Amino acid sequence: MKTNFLILIFLVKFFLVSAQASKNKDLVEVKIDSILNLMTLDEKIGQMNQYNGFWDATGPNPEGGEQLKKYESLKKGLVGSMLNVRGVDEISAIQKIAVNETRLGIPLIFANDVIHGYKTLSPIPLAESASWDLKEIENSARIAALESSAAGTNWTFAPMVDISRDPRWGRVMEGAGEDTYLASLIAKARIKGFQGDDLSKHNTVAATAKHFAAYGFSESGRDYNTVDIGDNTLNNVIYPPFISSVDAGVATVMTGFNDLDGIPVTGNSELIKGTLRNKWSFEGVVISDWGSIREMIPHGYAKNADNAAELAIKAGTDIDMESNIYVRKLKKLIIDDIIDEKLIDDSVKKILRLKFDLGLFEDPFKYLNKEREKEILNSPELQNAVLQMAKKSIVLLKNSDNLLPLKKEDLKIALIGPLANDKNSPLGNWRTNSDNNTAVSVLEGMVKYIGNEIIYEKGADLILNPGGIVKFSEKIIINENDKSGFDSAKIAASKSDIAIVVIGEDGFQSGEGRSRSKIDIPGVQLDLLKEIYKVNNKVVLILMNGRPLDLSWADENIPAILETWQLGSQTGNAIAQVLYGDYNPSGKLTMSFPRNTGQIPVYYNHKSTGRPGPKKVVFWSHFNDVSNTPLYPFGYGLSYTSFKYSNLKIDKKFLNANQVINVSILLENTGELKGREVVQLYIKDKFGSITRPVRELKGFKLVDLEPGEKTQVNFKISEPMLKFYNAEKNWESELGVFEIFIGPDSNADLKETFELIQ
């Protein structure tokens with residue numbers, strides 16, 4: 001006992017050197033080596049073991065079973081980090097055990113899925129991406145970092161930077177859409193928001209780029225499913241947001257649940273060591289997703305738990321999240337000379353380095369301040385900030401006859417739909433750190449405008465789960481038959497000047513494990529919409545959803561459609577302000593909306609076939625029953641004002657590696673309201689050593705204009721913008737002809753041509 005005490009005293013003195021010295025990289029490496037030399041093999045492996053929160057740490061100690069085993073592991077220093085432990089009181093209690101009761105007193109890292117906020121929730125990430133506002137997205141992540149760090153969290157498992165073209169996949173709500181260029185910029189913005197400029201500050205959190213790699217391309221959009229794609233797609237579409245994340249200094253990278261080219265990514269050495277470590281020089285921590293080391297066994301890749309541990313550690317996975325395999329199996333693998341202890345040392349060094357970067361060795365309790373937690377969580381300043389993000393995330397899909405914005409007085413409005421007074425679904429999927437029923441409902445937002453009469457009718461239930469509250473892990477039971485509320489809703493609509501119908505998905509119908517084979521409006525809701533339209537054709541459809549939906553009937557019939565996604569805590573206020581014109585919607589889609597499920601995948605930067613069409617004969621690449629084009633394309637979104645694009649100019653027709661081409665268009669606000677336009681630049685590489693997309697987003701500008709105002713919008717095109725992963729497996733540009741398109745969405749038709757020369 002005396003020896004242990006002396007070691008602890010030595011370490012305390014060792015750790016508490018000056019803050020300036022602790023930031024010296026060489027000195028930190030010396031410290032890490034010194035700590036490593038003091039550690040037993042069991043303690044090293046313990047640092048690679050992450051447990052989920054397993055008991056009420058402010059209550060009695062566990063008395064038996066799995067909880068007791070984990071508790072004993074914690075006291076023995078066999079745990080390096082924990083997830084899903086929330087709040088200063090709980091985290092303080094566990095950190096005290098790690099620091100005061102283990103042999104070496106090494107502090108824990110506490111991780112949480114802070115995906116779009118902690119207590120105060122911003123819009124889901126797919127919604128945020130529709131703002132195209134990188135500063136606002138960075139600020140949203142900053143808010144999440146402020147709040148989660150105030151509650152004791154050091155590490156978030158965000159951002160998800162997976163590209164996906166399949167809205168059946170529930171986790172599209174967690175990403176930035178289908179375009180790799182925009183997603184790469186958003187990844188950088190979110191990482192900077194989470195990590196700030198100095199990770200050792202108490203109000204920052206370590207970020208995680210996930211899921212490495214290709215998880216968003218799971219077959220049929222079914223979660224956890226296999227991925228089978230070519231090298232071209234992997235390098236040109238999937239990798240760039242991860243490269244951007246590494247360049248932005250992301251602290252950690254998480255592997256996915258999928259296999260890739262037959263190998264589960266958690267055990268894929270070529271992927272983790274070959275690409276992430278060697279090619280991209282990533283020096284941070286690689287963590288498995290929940291149980292993904294163990295899941296290599298049912299994948300049919302690992303023979304048993306021993307083999308799974310061997311494969312994962314040899315591939316370069318540093319931390320085992322909730323498989324309990326590293327802590328049970330790695331030591332025996334070393335004793336049996338199956339793996340080298342150096343693999344363990346390398347991983348532990350990375351984990352200790354992250355703890356130094358977070359400042360936890362300097363002060364293990366630096367994040368744990370009860371007064372700060374109380375002051376920051378749900379503060380008015382944060383609520384106002386997420387309101388701004390929510391308004392910028394809304395996309396106006398249709399507005400026939402300028403039905404919107406609404407007049408602020410002398411209207412009788414029927415507000416109808418199962419989501420119209422819902423305070424839970426708008427919180428979205430990743431709300432586990434927040435509280436149920438804390439969103440401002442649309443009804444609550446609308447009644448703040450007192451000049452109109454609001455008649456509310458639910459019309460129908462969306463879900464039939466007992467109590468109406470769905471837990472994160474529960475299956476949702478959709479109302480497929482009960483239309484008993486239709487009649488009262490129809491009466492309200494028939495007696496009103498306008499009907500606002502709020503329908504869509506429950507907050508837990510998208511997200512992890514929430515794949516759908518059809519992307520229609522679920523349950524009886526579309527029938528409700530059709531019945532309302534029969535008695536009042538002045539309908540505003542407000543959609544709440546976590547993915548693109550099939551809106552073909554609504555687009556054909558309903559005069560005004562607002563895509564509001566799941567906007568978080570301030571949902572109702574944001575929607576009401578847009579409905580009444582206090583905020584002019586400016587969002588643009590970052591995923592194409594298909595005309596039906598059978599079109600999937602449909603995305604703007606597709607390849608041309610050898611028979612592109614359209615042609616009068618049947619023998620070209622098309623569907624016989626639906627157009628090839630999406631219902632709403634990537635980049636699409638309307639405004640309450642109108643914009644005119646004209647006068648596309650380029651200053652030269654030839655480009656070499658040392659030059660830039662200056663491109664400009666004239667943008668004019670031709671409407672009657674101030675508005676924001678997202679001006680988009682696309683480039684088409686007409687010929688290449690591999691087939692190239694019909695066009696690719698290469699730039700955009702957010703432009704605010706007063707009514708009647710004109711401005712010149714400028715872009716610069718340089719040779720690096722034209723690089724891609726080519727047939728020679730190099731990232732480089734190729735000489736040839738390129739087309740420039742500028743406009744309001746991916747169908748931009750203002751065009752110019754230039755040639756890349758030597």
# chains A, B, ... in the order shown; residues from 1 in each chain; ligands from 1
>>> residues_around(residues="segment 335-345 of chain A", least_positions_apart="3", cutoff="9 Å", atoms="only C-alpha atoms", output="list in words")
Leu36, Leu41, Lys44, Ile45, Met48, Glu310, Ile313, Lys314, Gly316, Asp318, Leu330, Lys331, Lys332, Val348, Lys349 and Lys350 of chain A
>>> write_last_selection(atoms="C-alpha atoms", output="PDB file, in the first residue's frame")
ATOM      1  CA  LEU A  36       3.860   3.734 -19.836  1.00  0.00           C
ATOM      2  CA  LEU A  41       0.222  -4.980 -19.019  1.00  0.00           C
ATOM      3  CA  LYS A  44      -2.204  -0.742 -20.465  1.00  0.00           C
ATOM      4  CA  ILE A  45      -4.961  -2.900 -21.893  1.00  0.00           C
ATOM      5  CA  MET A  48      -7.988   0.510 -24.446  1.00  0.00           C
ATOM      6  CA  GLU A 310      -6.071 -10.071 -32.757  1.00  0.00           C
ATOM      7  CA  ILE A 313      -5.428  -4.608 -32.735  1.00  0.00           C
ATOM      8  CA  LYS A 314      -3.297  -5.605 -35.726  1.00  0.00           C
ATOM      9  CA  GLY A 316      -4.908  -0.430 -35.711  1.00  0.00           C
ATOM     10  CA  ASP A 318      -6.953   1.493 -30.401  1.00  0.00           C
ATOM     11  CA  LEU A 330      -5.310  -9.159 -25.433  1.00  0.00           C
ATOM     12  CA  LYS A 331      -3.129 -10.255 -22.524  1.00  0.00           C
ATOM     13  CA  LYS A 332      -3.352 -13.924 -23.470  1.00  0.00           C
ATOM     14  CA  VAL A 348      -1.916   3.359 -25.187  1.00  0.00           C
ATOM     15  CA  LYS A 349       0.432   6.184 -26.117  1.00  0.00           C
ATOM     16  CA  LYS A 350      -2.220   7.644 -28.395  1.00  0.00           C
TER      17      LYS A 350
END
>>> select_by_dssp(residues="segment 541-660 of chain A", states="strand (DSSP E or B)", output="list in words")
Leu541, Ile542, Leu543, Met544, Ala560, Ile561, Leu562, Glu563, Phe593, Lys607, Tyr632, Leu638, Phe643, Lys644, Tyr645, Ser646, Asn647, Leu648, Lys649, Ile650, Phe654, Leu655 and Val660 of chain A
>>> closest_residue(among="A:Ile137, A:Leu735, A:Lys75, A:Lys303", to="Asn100 of chain A", atoms="only C-alpha atoms")
A:Lys75
>>> closest_residue(among="A:Asp133, A:Asp625, A:Asp198, A:Asp550", to="Met389 of chain A", atoms="only C-alpha atoms")
A:Asp133
>>> closest_residue(among="A:Gly417, A:Pro630, A:Gly177, A:Gly511", to="Leu551 of chain A", atoms="only C-alpha atoms")
A:Pro630
>>> residues_around(residues="Pro548 of chain A", least_positions_apart="3", cutoff="8 Å", atoms="only C-alpha atoms", output="ChimeraX atom specification")
/A:167,519,545,591-594
>>> write_last_selection(atoms="N, CA, C and O atoms", output="tab-separated table (two decimals), in the first residue's frame")
chain	number	residue	atom	x	y	z
A	167	PRO	N	-31.71	7.47	-49.12
A	167	PRO	CA	-32.50	7.95	-47.98
A	167	PRO	C	-33.20	6.85	-47.20
A	167	PRO	O	-33.75	7.11	-46.14
A	519	ILE	N	-39.98	5.17	-48.49
A	519	ILE	CA	-39.78	6.49	-47.90
A	519	ILE	C	-41.01	7.36	-48.13
A	519	ILE	O	-40.91	8.56	-48.36
A	545	ASN	N	-39.06	15.51	-40.77
A	545	ASN	CA	-38.52	14.22	-41.16
A	545	ASN	C	-37.00	14.25	-41.09
A	545	ASN	O	-36.39	15.31	-41.09
A	591	MET	N	-29.55	16.65	-50.14
A	591	MET	CA	-29.84	15.33	-50.71
A	591	MET	C	-30.97	15.50	-51.71
A	591	MET	O	-31.94	16.22	-51.45
A	592	SER	N	-30.84	14.85	-52.85
A	592	SER	CA	-31.91	14.86	-53.84
A	592	SER	C	-33.13	14.13	-53.30
A	592	SER	O	-33.00	13.11	-52.62
A	593	PHE	N	-34.32	14.64	-53.61
A	593	PHE	CA	-35.57	13.98	-53.22
A	593	PHE	C	-36.06	13.15	-54.41
A	593	PHE	O	-36.37	13.71	-55.46
A	594	PRO	N	-36.16	11.83	-54.27
A	594	PRO	CA	-36.62	11.00	-55.38
A	594	PRO	C	-38.12	11.14	-55.61
A	594	PRO	O	-38.86	11.59	-54.74
>>> residues_around(residues="Glu739 of chain A", least_positions_apart="4", cutoff="10 Å", atoms="only C-alpha atoms", output="ChimeraX atom specification")
/A:682-686,694-695,751-755
>>> decode(residues="segment 374-402 of chain A", atoms="N, CA, C and O atoms", output="short mmCIF file (atom, residue, chain, number, x, y, z; two decimals), in the first residue's frame")
data_model
loop_
_atom_site.label_atom_id
_atom_site.label_comp_id
_atom_site.auth_asym_id
_atom_site.auth_seq_id
_atom_site.Cartn_x
_atom_site.Cartn_y
_atom_site.Cartn_z
N LYS A 374 -24.94 24.49 -14.25
CA LYS A 374 -26.26 25.11 -14.02
C LYS A 374 -26.43 26.37 -14.84
O LYS A 374 -27.52 26.64 -15.37
N GLU A 375 -25.37 27.14 -14.99
CA GLU A 375 -25.44 28.42 -15.71
C GLU A 375 -25.61 28.22 -17.21
O GLU A 375 -26.36 28.95 -17.86
N ILE A 376 -24.94 27.23 -17.78
CA ILE A 376 -24.88 27.10 -19.23
C ILE A 376 -26.02 26.27 -19.80
O ILE A 376 -26.61 26.62 -20.84
N LEU A 377 -26.36 25.13 -19.16
CA LEU A 377 -27.36 24.24 -19.74
C LEU A 377 -28.70 24.94 -19.92
O LEU A 377 -29.23 25.56 -18.99
N ASN A 378 -29.21 24.88 -21.15
CA ASN A 378 -30.51 25.47 -21.50
C ASN A 378 -30.55 26.98 -21.30
O ASN A 378 -31.64 27.54 -21.09
N SER A 379 -29.41 27.63 -21.38
CA SER A 379 -29.39 29.08 -21.17
C SER A 379 -30.09 29.79 -22.32
O SER A 379 -30.15 29.28 -23.45
N PRO A 380 -30.66 30.98 -22.07
CA PRO A 380 -31.34 31.73 -23.14
C PRO A 380 -30.43 32.02 -24.33
O PRO A 380 -30.89 32.03 -25.48
N GLU A 381 -29.16 32.26 -24.07
CA GLU A 381 -28.23 32.55 -25.17
C GLU A 381 -28.11 31.36 -26.12
O GLU A 381 -28.10 31.52 -27.34
N LEU A 382 -28.04 30.16 -25.55
CA LEU A 382 -27.93 28.97 -26.39
C LEU A 382 -29.23 28.70 -27.12
O LEU A 382 -29.24 28.30 -28.29
N GLN A 383 -30.35 28.92 -26.45
CA GLN A 383 -31.64 28.72 -27.10
C GLN A 383 -31.80 29.67 -28.28
O GLN A 383 -32.30 29.28 -29.35
N ASN A 384 -31.37 30.90 -28.13
CA ASN A 384 -31.46 31.86 -29.23
C ASN A 384 -30.55 31.44 -30.39
O ASN A 384 -30.92 31.59 -31.56
N ALA A 385 -29.38 30.91 -30.06
CA ALA A 385 -28.44 30.50 -31.11
C ALA A 385 -29.01 29.33 -31.93
O ALA A 385 -28.89 29.31 -33.15
N VAL A 386 -29.62 28.34 -31.26
CA VAL A 386 -30.17 27.21 -32.02
C VAL A 386 -31.41 27.63 -32.81
O VAL A 386 -31.73 27.02 -33.84
N LEU A 387 -32.09 28.69 -32.36
CA LEU A 387 -33.21 29.23 -33.14
C LEU A 387 -32.71 29.78 -34.47
O LEU A 387 -33.33 29.54 -35.52
N GLN A 388 -31.58 30.48 -34.45
CA GLN A 388 -31.02 31.01 -35.70
C GLN A 388 -30.63 29.88 -36.64
O GLN A 388 -30.88 29.93 -37.85
N MET A 389 -30.03 28.84 -36.09
CA MET A 389 -29.66 27.69 -36.90
C MET A 389 -30.89 27.02 -37.50
O MET A 389 -30.91 26.62 -38.66
N ALA A 390 -31.94 26.91 -36.70
CA ALA A 390 -33.17 26.25 -37.16
C ALA A 390 -33.80 27.00 -38.32
O ALA A 390 -34.23 26.39 -39.30
N LYS A 391 -33.86 28.31 -38.24
CA LYS A 391 -34.47 29.09 -39.32
C LYS A 391 -33.69 28.93 -40.62
O LYS A 391 -34.27 28.83 -41.71
N LYS A 392 -32.37 28.89 -40.52
CA LYS A 392 -31.54 28.78 -41.72
C LYS A 392 -31.59 27.38 -42.33
O LYS A 392 -31.17 27.19 -43.47
N SER A 393 -32.11 26.40 -41.58
CA SER A 393 -32.15 25.02 -42.05
C SER A 393 -33.41 24.69 -42.84
O SER A 393 -33.49 23.65 -43.49
N ILE A 394 -34.41 25.55 -42.79
CA ILE A 394 -35.70 25.28 -43.43
C ILE A 394 -35.59 25.52 -44.94
O ILE A 394 -35.02 26.51 -45.38
N VAL A 395 -36.17 24.60 -45.71
CA VAL A 395 -36.15 24.69 -47.17
C VAL A 395 -37.58 24.86 -47.68
O VAL A 395 -38.46 24.05 -47.37
N LEU A 396 -37.80 25.90 -48.45
CA LEU A 396 -39.09 26.12 -49.11
C LEU A 396 -39.08 25.35 -50.43
O LEU A 396 -38.34 25.68 -51.35
N LEU A 397 -39.91 24.31 -50.50
CA LEU A 397 -39.93 23.45 -51.68
C LEU A 397 -40.92 23.93 -52.74
O LEU A 397 -40.73 23.70 -53.93
N LYS A 398 -41.99 24.57 -52.29
CA LYS A 398 -43.02 25.01 -53.24
C LYS A 398 -43.80 26.16 -52.63
O LYS A 398 -44.04 26.17 -51.41
N ASN A 399 -44.21 27.12 -53.46
CA ASN A 399 -44.99 28.26 -52.95
C ASN A 399 -45.83 28.86 -54.08
O ASN A 399 -45.62 30.00 -54.51
N SER A 400 -46.79 28.09 -54.56
CA SER A 400 -47.64 28.55 -55.66
C SER A 400 -48.49 29.74 -55.22
O SER A 400 -49.01 29.77 -54.09
N ASP A 401 -48.62 30.68 -56.12
CA ASP A 401 -49.45 31.87 -55.90
C ASP A 401 -49.04 32.64 -54.65
O ASP A 401 -49.86 33.35 -54.05
N ASN A 402 -47.77 32.50 -54.26
CA ASN A 402 -47.25 33.22 -53.08
C ASN A 402 -48.17 33.06 -51.87
O ASN A 402 -48.48 34.02 -51.16
#
